[in-house]
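One file, start-v3.csv, carrying CSV, C-alpha atoms:
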```csv
chain,number,residue,atom,x,y,z
A,829,MET,CA,-44.6,-66.8,17.0
A,830,ALA,CA,-42.7,-63.6,17.6
A,831,ALA,CA,-41.7,-62.7,14.0
A,832,ALA,CA,-44.0,-60.5,12.1
A,833,ALA,CA,-44.7,-61.8,8.6
A,834,GLY,CA,-45.9,-58.7,6.9
A,835,GLY,CA,-45.0,-55.0,6.9
A,836,GLY,CA,-48.3,-53.9,5.4
A,837,PHE,CA,-49.9,-53.5,2.0
A,838,ALA,CA,-48.7,-51.7,-1.0
A,839,GLY,CA,-51.9,-51.1,-2.9
A,840,ASP,CA,-53.2,-54.7,-3.5
A,841,VAL,CA,-49.8,-56.3,-3.3
A,842,PRO,CA,-49.2,-57.8,0.2
A,843,ILE,CA,-45.6,-57.7,1.3
A,844,ILE,CA,-44.8,-60.8,3.1
A,845,HIS,CA,-41.6,-62.1,4.4
A,846,ALA,CA,-41.7,-65.7,3.3
A,847,ASP,CA,-39.3,-67.1,5.9
A,848,ASN,CA,-41.2,-65.6,8.8
A,849,LEU,CA,-44.5,-66.8,7.4
A,850,VAL,CA,-43.1,-70.3,7.1
A,851,SER,CA,-41.9,-70.2,10.7
A,852,ASN,CA,-45.3,-68.9,11.9
A,853,VAL,CA,-47.1,-71.7,10.1
A,854,LYS,CA,-44.7,-74.2,11.5
A,855,SER,CA,-45.4,-73.0,15.1
A,856,VAL,CA,-49.1,-73.2,14.4
A,857,ASN,CA,-48.7,-76.7,13.2
A,858,TYR,CA,-46.6,-77.7,16.2
A,859,SER,CA,-49.1,-76.4,18.7
A,860,ARG,CA,-52.0,-78.1,16.8
A,861,THR,CA,-50.2,-81.4,16.8
A,862,PHE,CA,-49.4,-81.1,20.4
A,863,LEU,CA,-52.9,-80.2,21.3
A,864,SER,CA,-54.4,-83.1,19.2
A,865,ILE,CA,-52.3,-85.6,21.1
A,866,ILE,CA,-53.0,-84.1,24.5
A,867,SER,CA,-56.7,-83.8,23.8
A,868,GLY,CA,-56.8,-87.4,22.5
A,869,VAL,CA,-55.4,-88.6,25.8
A,870,VAL,CA,-57.8,-86.4,27.8
A,871,ALA,CA,-60.8,-87.6,25.8
A,872,GLY,CA,-59.7,-91.2,26.3
A,873,ILE,CA,-59.3,-90.8,30.1
A,874,TRP,CA,-62.7,-89.1,30.4
A,875,GLY,CA,-64.2,-92.0,28.5
A,876,LEU,CA,-65.8,-90.0,25.7
A,877,THR,CA,-67.3,-92.2,23.0
A,878,GLY,CA,-68.8,-91.9,19.6
A,879,LEU,CA,-69.6,-88.4,18.4
A,880,MET,CA,-68.7,-86.8,21.7
A,881,GLY,CA,-65.1,-87.4,21.1
A,882,PHE,CA,-65.0,-85.7,17.7
A,883,VAL,CA,-67.1,-82.8,19.1
A,884,PHE,CA,-64.5,-82.5,21.9
A,885,TYR,CA,-61.7,-82.4,19.3
A,886,PHE,CA,-63.3,-79.7,17.3
A,887,ILE,CA,-64.1,-77.7,20.4
A,888,VAL,CA,-60.4,-77.9,21.4
A,889,MET,CA,-59.3,-76.9,18.0
A,890,MET,CA,-61.7,-73.9,18.0
A,891,VAL,CA,-60.3,-72.8,21.4
A,892,ALA,CA,-56.8,-73.2,19.9
A,893,SER,CA,-57.8,-71.0,17.0
A,894,LEU,CA,-59.1,-68.4,19.4
A,895,ALA,CA,-55.9,-68.6,21.4
A,896,LEU,CA,-53.8,-68.1,18.3
A,897,LEU,CA,-55.9,-65.1,17.4
A,898,VAL,CA,-55.2,-63.6,20.8
A,899,LYS,CA,-51.6,-64.4,20.4
A,900,ALA,CA,-51.5,-62.7,17.0
A,901,LYS,CA,-53.1,-59.6,18.7
A,902,PHE,CA,-56.2,-59.9,16.5
A,903,SER,CA,-54.3,-58.7,13.4
A,904,VAL,CA,-54.1,-61.9,11.4
A,905,HIS,CA,-52.6,-60.3,8.4
A,906,THR,CA,-49.6,-59.1,10.2
A,907,TYR,CA,-48.5,-62.6,10.9
A,908,PHE,CA,-50.2,-64.8,8.2
A,909,ASP,CA,-51.3,-64.4,4.6
A,910,SER,CA,-54.9,-65.6,5.2
A,911,TRP,CA,-57.4,-66.5,7.8
A,912,ASN,CA,-57.3,-70.1,6.9
A,913,ARG,CA,-53.8,-70.4,8.4
A,914,ILE,CA,-55.2,-69.7,11.8
A,915,ILE,CA,-58.5,-71.5,11.5
A,916,LEU,CA,-57.8,-74.6,9.4
A,917,GLU,CA,-54.1,-75.2,9.4
A,918,GLY,CA,-53.3,-78.6,10.9
A,919,VAL,CA,-56.8,-79.5,12.0
A,920,ILE,CA,-57.3,-82.4,9.6
A,921,GLY,CA,-53.7,-83.5,10.0
A,922,GLY,CA,-54.1,-83.7,13.8
A,923,LEU,CA,-57.2,-85.8,13.6
A,924,MET,CA,-55.4,-89.0,13.0
A,925,SER,CA,-53.1,-88.5,16.0
A,926,PHE,CA,-56.1,-87.6,18.0
A,927,VAL,CA,-58.0,-90.8,17.1
A,928,LEU,CA,-54.9,-92.9,17.9
A,929,PHE,CA,-54.3,-91.5,21.3
A,930,TRP,CA,-58.0,-91.3,22.1
A,931,THR,CA,-58.2,-95.0,21.4
A,932,PHE,CA,-55.1,-95.8,23.2
A,933,ALA,CA,-56.1,-94.0,26.5
A,934,TYR,CA,-59.6,-95.2,26.2
A,935,ASP,CA,-58.6,-98.8,25.9
A,936,ILE,CA,-56.1,-98.7,28.7
A,937,VAL,CA,-58.5,-97.0,31.1
A,938,HIS,CA,-61.9,-98.3,30.2
A,939,ILE,CA,-61.8,-101.5,28.2
A,940,PHE,CA,-59.5,-103.7,30.1
B,742,MET,CA,-73.4,-108.0,18.9
B,743,ALA,CA,-74.6,-105.8,21.7
B,744,GLU,CA,-72.8,-107.5,24.6
B,745,GLU,CA,-69.3,-106.3,25.4
B,746,LEU,CA,-66.4,-108.5,24.8
B,747,VAL,CA,-64.2,-109.0,27.8
B,748,LEU,CA,-60.6,-108.5,27.0
B,749,ASP,CA,-57.8,-109.9,29.1
B,750,THR,CA,-55.7,-107.4,30.8
B,751,ALA,CA,-52.7,-109.4,29.7
B,752,ILE,CA,-53.4,-108.3,26.2
B,753,ARG,CA,-53.1,-104.7,27.3
B,754,ASP,CA,-49.8,-105.3,29.1
B,755,TRP,CA,-48.2,-107.6,26.5
B,756,VAL,CA,-49.7,-106.4,23.2
B,757,LEU,CA,-51.2,-103.0,23.2
B,758,ILE,CA,-48.6,-101.1,25.1
B,759,PRO,CA,-45.5,-102.9,23.8
B,760,LEU,CA,-46.7,-102.6,20.3
B,761,SER,CA,-47.1,-98.9,20.5
B,762,VAL,CA,-43.8,-98.4,22.4
B,763,VAL,CA,-42.0,-100.4,19.8
B,764,MET,CA,-43.5,-98.4,17.0
B,765,VAL,CA,-42.4,-95.2,18.5
B,766,LEU,CA,-38.9,-96.5,19.2
B,767,ILE,CA,-38.6,-97.8,15.6
B,768,GLY,CA,-39.6,-94.5,14.3
B,769,VAL,CA,-36.9,-92.8,16.3
B,770,LEU,CA,-34.4,-95.4,15.2
B,771,ARG,CA,-35.3,-95.0,11.6
B,772,TYR,CA,-34.9,-91.2,11.9
B,773,PHE,CA,-31.3,-91.6,13.2
B,774,VAL,CA,-30.4,-94.3,10.8
B,775,SER,CA,-31.5,-92.3,7.8
B,776,LYS,CA,-29.6,-89.3,9.2
B,777,LEU,CA,-26.4,-91.4,9.5
B,778,MET,CA,-26.8,-92.7,6.0
B,779,ARG,CA,-27.4,-89.3,4.6
B,780,SER,CA,-24.4,-87.5,6.0
B,781,PRO,CA,-21.6,-89.3,4.2
B,782,ALA,CA,-23.3,-88.7,0.9
B,783,ALA,CA,-23.2,-84.9,1.4
B,784,SER,CA,-19.5,-84.7,2.3
B,785,PRO,CA,-17.7,-85.2,-1.1
B,786,SER,CA,-17.3,-81.7,-2.6
B,787,PRO,CA,-19.9,-81.3,-5.4
B,788,ASP,CA,-19.1,-80.4,-8.9
B,789,PRO,CA,-18.4,-76.7,-9.2
B,790,LYS,CA,-20.4,-76.4,-12.4
B,791,LEU,CA,-23.5,-77.8,-10.6
B,792,VAL,CA,-23.1,-75.4,-7.7
B,793,LYS,CA,-22.7,-72.5,-10.2
B,794,GLU,CA,-25.9,-73.5,-12.0
B,795,GLY,CA,-27.8,-73.8,-8.7
B,796,GLN,CA,-26.7,-70.4,-7.7
B,797,VAL,CA,-27.8,-68.9,-11.0
B,798,VAL,CA,-31.2,-70.5,-10.5
B,799,ILE,CA,-31.5,-69.0,-7.0
B,800,ARG,CA,-30.6,-65.6,-8.3
B,801,ALA,CA,-33.2,-65.8,-11.0
B,802,ARG,CA,-35.8,-66.9,-8.5
B,803,ASN,CA,-35.0,-64.0,-6.3
B,804,LEU,CA,-35.5,-61.7,-9.2
B,805,ARG,CA,-38.8,-63.4,-10.0
B,806,THR,CA,-40.2,-63.1,-6.5
B,807,ASN,CA,-39.1,-59.5,-5.9
B,808,VAL,CA,-40.0,-58.3,-9.4
B,809,GLN,CA,-42.5,-55.7,-8.2
B,810,PHE,CA,-39.9,-53.7,-6.2
B,811,ILE,CA,-37.7,-52.7,-9.2
B,812,PRO,CA,-38.6,-50.3,-12.1
B,813,ALA,CA,-39.6,-51.7,-15.4
B,814,LYS,CA,-36.3,-50.7,-17.1
B,815,ALA,CA,-34.2,-52.4,-14.4
B,816,PHE,CA,-36.3,-55.5,-14.8
B,817,LYS,CA,-36.0,-55.6,-18.5
B,818,ALA,CA,-32.2,-55.3,-18.3
B,819,ARG,CA,-32.0,-58.2,-15.8
B,820,LYS,CA,-34.3,-60.3,-17.9
B,821,VAL,CA,-32.2,-59.9,-20.9
B,822,TYR,CA,-29.1,-60.7,-18.8
B,823,TYR,CA,-30.7,-64.0,-17.7
B,824,THR,CA,-32.7,-65.2,-20.7
B,825,ASN,CA,-31.2,-63.9,-24.0
B,826,GLU,CA,-30.6,-66.6,-26.6
B,827,GLU,CA,-26.8,-66.0,-27.1
B,828,ASN,CA,-25.1,-65.8,-23.8
B,829,GLY,CA,-27.9,-65.4,-21.2
B,830,LEU,CA,-27.1,-67.1,-17.9
B,831,LEU,CA,-30.2,-69.3,-18.0
B,832,HIS,CA,-29.9,-70.3,-21.7
B,833,VAL,CA,-28.7,-73.8,-22.2
B,834,PRO,CA,-27.7,-75.0,-25.7
B,835,LYS,CA,-29.8,-78.0,-26.9
B,836,GLU,CA,-27.1,-80.6,-27.3
B,837,GLU,CA,-25.6,-79.7,-23.9
B,838,ALA,CA,-29.0,-80.2,-22.3
B,839,GLN,CA,-29.2,-83.7,-23.8
B,840,LYS,CA,-25.7,-84.5,-22.7
B,841,ALA,CA,-26.5,-83.5,-19.1
B,842,GLN,CA,-29.6,-85.6,-19.1
B,843,ALA,CA,-27.7,-88.7,-20.3
B,844,ALA,CA,-25.1,-88.2,-17.7
B,845,MET,CA,-27.8,-88.0,-15.1
B,846,PHE,CA,-29.2,-91.3,-16.0
B,847,SER,CA,-25.9,-93.1,-16.1
B,848,ASP,CA,-24.8,-91.6,-12.8
B,849,PRO,CA,-24.8,-94.5,-10.3
B,850,ASN,CA,-24.6,-92.3,-7.2
B,851,MET,CA,-28.0,-91.0,-7.8
B,852,ALA,CA,-29.7,-94.3,-7.9
B,853,MET,CA,-27.7,-95.5,-4.9
B,854,ASP,CA,-28.8,-92.6,-2.9
B,855,MET,CA,-32.4,-93.2,-3.7
B,856,MET,CA,-32.1,-96.9,-2.9
B,857,LYS,CA,-30.6,-96.1,0.5
B,858,LYS,CA,-33.5,-93.8,1.3
B,859,ASN,CA,-36.1,-96.3,0.2
B,860,LEU,CA,-34.4,-99.1,2.1
B,861,SER,CA,-34.4,-97.1,5.4
B,862,MET,CA,-38.1,-96.7,5.0
B,863,ILE,CA,-39.1,-100.2,3.8
B,864,VAL,CA,-36.9,-102.5,5.8
B,865,PRO,CA,-38.1,-101.5,9.3
B,866,GLN,CA,-41.7,-101.5,8.2
B,867,THR,CA,-41.5,-105.0,6.7
B,868,LEU,CA,-39.7,-106.2,9.8
B,869,THR,CA,-42.2,-104.8,12.3
B,870,PHE,CA,-45.1,-106.1,10.2
B,871,ALA,CA,-43.6,-109.5,10.2
B,872,TRP,CA,-43.0,-109.3,13.9
B,873,VAL,CA,-46.6,-108.3,14.6
B,874,ASN,CA,-47.9,-111.0,12.3
B,875,PHE,CA,-45.9,-113.7,13.9
B,876,PHE,CA,-46.6,-112.9,17.6
B,877,PHE,CA,-49.9,-111.1,17.7
B,878,SER,CA,-52.0,-112.3,14.8
B,879,GLY,CA,-55.6,-113.5,15.2
B,880,PHE,CA,-57.0,-111.8,18.3
B,881,VAL,CA,-58.7,-108.6,19.2
B,882,ALA,CA,-56.3,-106.1,20.9
B,883,ALA,CA,-58.2,-102.9,21.2
B,884,LYS,CA,-61.6,-101.2,20.7
B,885,ILE,CA,-62.0,-97.8,19.1
B,886,PRO,CA,-64.4,-95.6,21.1
B,887,PHE,CA,-66.7,-94.8,18.2
B,888,PRO,CA,-69.0,-96.9,16.0
B,889,LEU,CA,-68.2,-97.6,12.4
B,890,THR,CA,-70.0,-99.2,9.5
B,891,GLN,CA,-69.4,-102.6,8.2
B,892,ARG,CA,-67.2,-101.3,5.4
B,893,PHE,CA,-64.4,-100.8,7.9
B,894,ARG,CA,-64.3,-104.4,8.9
B,895,GLY,CA,-61.6,-105.3,6.5
B,896,MET,CA,-59.5,-102.3,7.6
B,897,LEU,CA,-59.9,-102.7,11.3
B,898,GLN,CA,-60.2,-106.5,11.8
B,899,ASN,CA,-57.4,-107.6,9.5
B,900,GLY,CA,-56.6,-111.1,10.5
B,901,ILE,CA,-59.9,-112.0,12.2
B,902,ASP,CA,-62.5,-113.8,10.1
B,903,LEU,CA,-65.5,-113.4,12.3
B,904,SER,CA,-68.5,-111.5,11.0
B,905,THR,CA,-70.3,-111.3,14.3
B,906,VAL,CA,-67.7,-109.2,16.2
B,907,ASP,CA,-68.6,-105.6,16.5
B,908,VAL,CA,-66.7,-103.5,13.9
B,909,SER,CA,-65.2,-101.2,16.6
B,910,TYR,CA,-63.0,-104.0,17.9
B,911,VAL,CA,-59.5,-103.7,16.4
B,912,SER,CA,-57.2,-106.6,15.7
B,913,SER,CA,-53.6,-106.3,16.6
B,914,ARG,CA,-52.5,-106.2,13.0
B,915,SER,CA,-54.8,-103.3,12.3
B,916,TRP,CA,-53.7,-101.6,15.5
B,917,TYR,CA,-50.2,-101.7,13.9
B,918,PHE,CA,-51.5,-99.8,10.9
B,919,LEU,CA,-53.3,-97.3,13.0
B,920,ASN,CA,-50.0,-96.6,14.8
B,921,LEU,CA,-48.2,-96.3,11.5
B,922,PHE,CA,-50.4,-93.5,10.4
B,923,GLY,CA,-51.2,-91.8,13.7
B,924,LEU,CA,-47.8,-91.6,15.1
B,925,ARG,CA,-46.6,-89.2,12.4
B,926,GLY,CA,-47.8,-86.3,14.5
B,927,LEU,CA,-45.9,-87.5,17.5
B,928,PHE,CA,-42.7,-87.9,15.5
B,929,SER,CA,-43.0,-84.4,14.2
B,930,LEU,CA,-43.1,-83.3,17.9
B,931,ILE,CA,-40.2,-85.3,19.2
B,932,LEU,CA,-37.9,-85.3,16.2
B,933,GLY,CA,-38.6,-81.9,14.8
B,934,GLU,CA,-40.4,-80.8,11.7
B,935,GLU,CA,-37.9,-82.2,9.2
B,936,ASN,CA,-38.9,-85.8,9.9
B,937,ALA,CA,-42.5,-85.1,9.1
B,938,THR,CA,-41.7,-83.6,5.8
B,939,ASP,CA,-39.1,-86.3,5.0
B,940,ASP,CA,-41.7,-88.7,3.6
B,941,ALA,CA,-43.3,-86.1,1.4
B,942,GLN,CA,-39.9,-85.1,0.0
B,943,LYS,CA,-39.0,-88.7,-0.8
B,944,MET,CA,-42.3,-89.0,-2.7
B,945,MET,CA,-41.4,-85.9,-4.6
B,946,GLN,CA,-38.0,-87.1,-5.5
B,947,MET,CA,-39.3,-90.5,-6.6
B,948,GLY,CA,-42.0,-88.8,-8.7
B,949,GLY,CA,-39.6,-86.3,-10.3
B,950,GLY,CA,-36.9,-89.0,-10.7
B,951,PHE,CA,-34.1,-86.7,-11.6
B,952,GLY,CA,-35.9,-83.6,-10.2
B,953,PHE,CA,-32.7,-82.2,-8.8
B,954,ASN,CA,-31.2,-81.8,-12.2
B,955,PRO,CA,-29.9,-78.2,-12.4
B,956,THR,CA,-29.8,-78.1,-16.2
B,957,MET,CA,-33.5,-78.9,-16.2
B,958,SER,CA,-34.3,-76.3,-13.6
B,959,LEU,CA,-32.3,-73.7,-15.6
B,960,GLY,CA,-34.7,-74.2,-18.5
B,961,ALA,CA,-37.8,-74.1,-16.2
B,962,GLU,CA,-36.6,-70.9,-14.5
B,963,LYS,CA,-36.0,-69.3,-17.9
B,964,ASP,CA,-39.5,-70.1,-19.0
B,965,SER,CA,-41.1,-68.7,-15.9
B,966,LEU,CA,-38.9,-65.6,-16.1
B,967,ASP,CA,-40.1,-65.2,-19.7
B,968,ILE,CA,-43.8,-65.2,-19.0
B,969,ILE,CA,-43.7,-63.1,-15.8
B,970,GLN,CA,-45.6,-59.8,-15.8
B,971,HIS,CA,-43.8,-56.8,-14.5
B,972,ASP,CA,-45.8,-54.7,-12.1
B,973,TRP,CA,-44.0,-52.0,-10.1
B,974,ALA,CA,-45.4,-51.6,-6.7
B,975,LEU,CA,-43.5,-48.6,-5.5
B,976,PRO,CA,-45.6,-45.8,-7.0
B,977,LYS,CA,-48.5,-47.1,-5.0
B,978,MET,CA,-46.3,-47.2,-2.0
B,979,GLU,CA,-45.9,-43.5,-2.0
B,980,ARG,CA,-49.7,-43.1,-1.8
B,981,HIS,CA,-49.8,-45.7,0.9
B,982,ALA,CA,-47.1,-43.9,2.9
B,983,GLU,CA,-49.1,-40.7,2.5
B,984,ASP,CA,-52.2,-42.4,4.0
B,985,VAL,CA,-50.2,-43.7,6.9
B,986,LEU,CA,-48.6,-40.4,7.7
B,987,LYS,CA,-51.9,-38.6,7.5
B,988,LYS,CA,-53.4,-41.1,9.9
B,989,LEU,CA,-50.6,-40.6,12.3
B,990,LEU,CA,-50.9,-36.8,12.2
B,991,LYS,CA,-54.6,-37.0,12.9
B,992,LYS,CA,-54.0,-38.9,16.2
```

Can you dump the structure from the file as structure tokens?
Amino acid sequence: MAAAAGGGFAGDVPIIHADNLVSNVKSVNYSRTFLSIISGVVAGIWGLTGLMGFVFYFIVMMVASLALLVKAKFSVHTYFDSWNRIILEGVIGGLMSFVLFWTFAYDIVHIF
Amino acid sequence: MAEELVLDTAIRDWVLIPLSVVMVLIGVLRYFVSKLMRSPAASPSPDPKLVKEGQVVIRARNLRTNVQFIPAKAFKARKVYYTNEENGLLHVPKEEAQKAQAAMFSDPNMAMDMMKKNLSMIVPQTLTFAWVNFFFSGFVAAKIPFPLTQRFRGMLQNGIDLSTVDVSYVSSRSWYFLNLFGLRGLFSLILGEENATDDAQKMMQMGGGFGFNPTMSLGAEKDSLDIIQHDWALPKMERHAEDVLKKLLKK
């Protein structure tokens, strides 16, 4: 996430380098997917069931958002075009992977 | 309902793990097969006219996205250059447009290409599904760690016709479906982003049919260039620079 997406604002018109923005969003998605798989395995091994697992997932995602914010040096608009990119991007998409790996690890460790 | 079912560990070793591993491997295989099938299609040198039209569209698009950085006069001159009705670059005479469309439909390469892409997606899925059905149908293979309502029974216990088993138990056929959807994330990690977007692009190409028709996109680009509002950003930029410099001096 090294590349800066925006130089600044000219009046109301944001100046955004589209390629860099795409690359930033891509790296956000990558880290989210990675985290959703890892957190799924962790939740399964810990034996979380029911609502606890989903709570765990959203806590992990919130921590990830925080980490991304730190990584962007707290100036979201330098790297992204809106806050949603950092907070919501990839959260729902990762849920399916999370559920799969959660179930997989949980079954292997606890059910059999 | 309340008591736990005891699942044989052999199910884990011979169904759950192999099924997931096979799904991952088939996904990887599919990726490489589709890559192999795609590469020879790209190699014959494309029609120069198509390339030229594509480049014109890209130039017009660049003008459209960067419109706020040039003065109004410059924009008007460029707009006329692209869109005027006699010899503008984006203007396509009516009869020629129809001819191009007809040529598009009769071009067998296009249909072939789409067929190949579809086949690389459908064939492995059908084969895996048949394999799962043949070997693993009719028993519980997994248990999801959260409760669900009765509505999900059809989805999760596909192949088991017992209404007394708790809904959170998953039959092997349904485990296959869970894998199918859930592994997309893993594939985007191990195969790179392009694989994840592949399916969406296929959908788009199918929906658009001949969406990659440059003559069509010329017309579309012309329309969007016609309706665009010119708004020069640079006068505001001077004020912005003044603010920044003042702030710097104050420090």

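Nearest residue to chain B among A:Thr931, A:Ser859, A:Asn848, A:Ser893 is A:Thr931, counting only C-alpha atoms.
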
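Within 6 Å of chain B, counting only C-alpha atoms, chain A contributes Ala838, Gly839, Thr861, Thr877, Gly878, Met924, Ser925, Leu928, Thr931 and Phe940 of chain A.
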
Write a file of the selected residues as a short mmCIF file (atom, residue, chain, number, x, y, z; two decimals), keeping the file's coordinate frame, keeping C-alpha atoms.
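Output saved as again-v9.cif:
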```
data_model
loop_
_atom_site.label_atom_id
_atom_site.label_comp_id
_atom_site.auth_asym_id
_atom_site.auth_seq_id
_atom_site.Cartn_x
_atom_site.Cartn_y
_atom_site.Cartn_z
CA ALA A 838 -48.70 -51.70 -1.00
CA GLY A 839 -51.90 -51.10 -2.90
CA THR A 861 -50.20 -81.40 16.80
CA THR A 877 -67.30 -92.20 23.00
CA GLY A 878 -68.80 -91.90 19.60
CA MET A 924 -55.40 -89.00 13.00
CA SER A 925 -53.10 -88.50 16.00
CA LEU A 928 -54.90 -92.90 17.90
CA THR A 931 -58.20 -95.00 21.40
CA PHE A 940 -59.50 -103.70 30.10
#
```

Exercise. Contacts of Leu804 (chain B) at 9 Å or less, counting all atoms listed in the file, minus same-chain residues fewer than 2 places along, as a PyMOL selection string?
Worked result: chain B and resi 799-802+806-808+816+819-820+966

Seminar exercise, completed: Nearest to Ala892 (chain A), restricted to only C-alpha atoms and choosing among A:Ile914, A:Leu879, A:Val870, A:Asp935, comes out as A:Ile914

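The gap separating CA of Thr869 (chain B) from CA of Asn850 (chain B) is 29.1 Å, in Å to one decimal.
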
Exercise. Looking at all atoms listed in the file, which of A:Lys854, A:Tyr907, A:Val888, A:Leu894 is the one that sits closest to Gly868 (chain A)?
Worked result: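 Checking each candidate against Gly868 (chain A), we get A:Val888 as the closest.
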
Exercise. Just how far from CA of Met889 (chain A) is CA of Ala871 (chain A), in Å to one decimal?
Worked result: 13.3 Å

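A straight line drawn from CA of Met764 (chain B) to CA of Ser851 (chain A) is 28.9 Å long.
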
Exercise. Residues at most 8 Å from His832 (chain B), counting all atoms listed in the file, excluding those fewer than 5 positions away in the same chain, as an MDAnalysis selection string?
Worked result: chainID B and resid 823:827 959:960 963

Give me, as a PDB file with C-alpha atoms, keeping the file's coordinate frame, all polymer residues having an atom no more than 7 Å from region 936-938 of chain A, counting all atoms listed in the file and skipping those fewer than 4 positions away in the same chain.
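Result went into part.pdb, see below:
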```pdb
ATOM      1  CA  ILE A 873     -59.300 -90.800  30.100  1.00  0.00           C
ATOM      2  CA  GLY A 875     -64.200 -92.000  28.500  1.00  0.00           C
ATOM      3  CA  PHE A 932     -55.100 -95.800  23.200  1.00  0.00           C
TER       4      PHE A 932
ATOM      5  CA  ARG B 753     -53.100-104.700  27.300  1.00  0.00           C
TER       6      ARG B 753
END
```

Exercise. Between B:Arg771, B:Arg779, B:Lys992, B:His971, which is the closest to Lys857 (chain B) once you count all atoms listed in the file?
Worked result: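 Of all the options, B:Arg779 lies closest to Lys857 (chain B).
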
Exercise. Nearest to Trp930 (chain A) among A:Gly872, A:Val856, A:Ala846, A:Ser864, with distances taken over all atoms listed in the file: which residue is it?
Worked result: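 With all atoms listed in the file as the atom set, the closest residue is A:Gly872.
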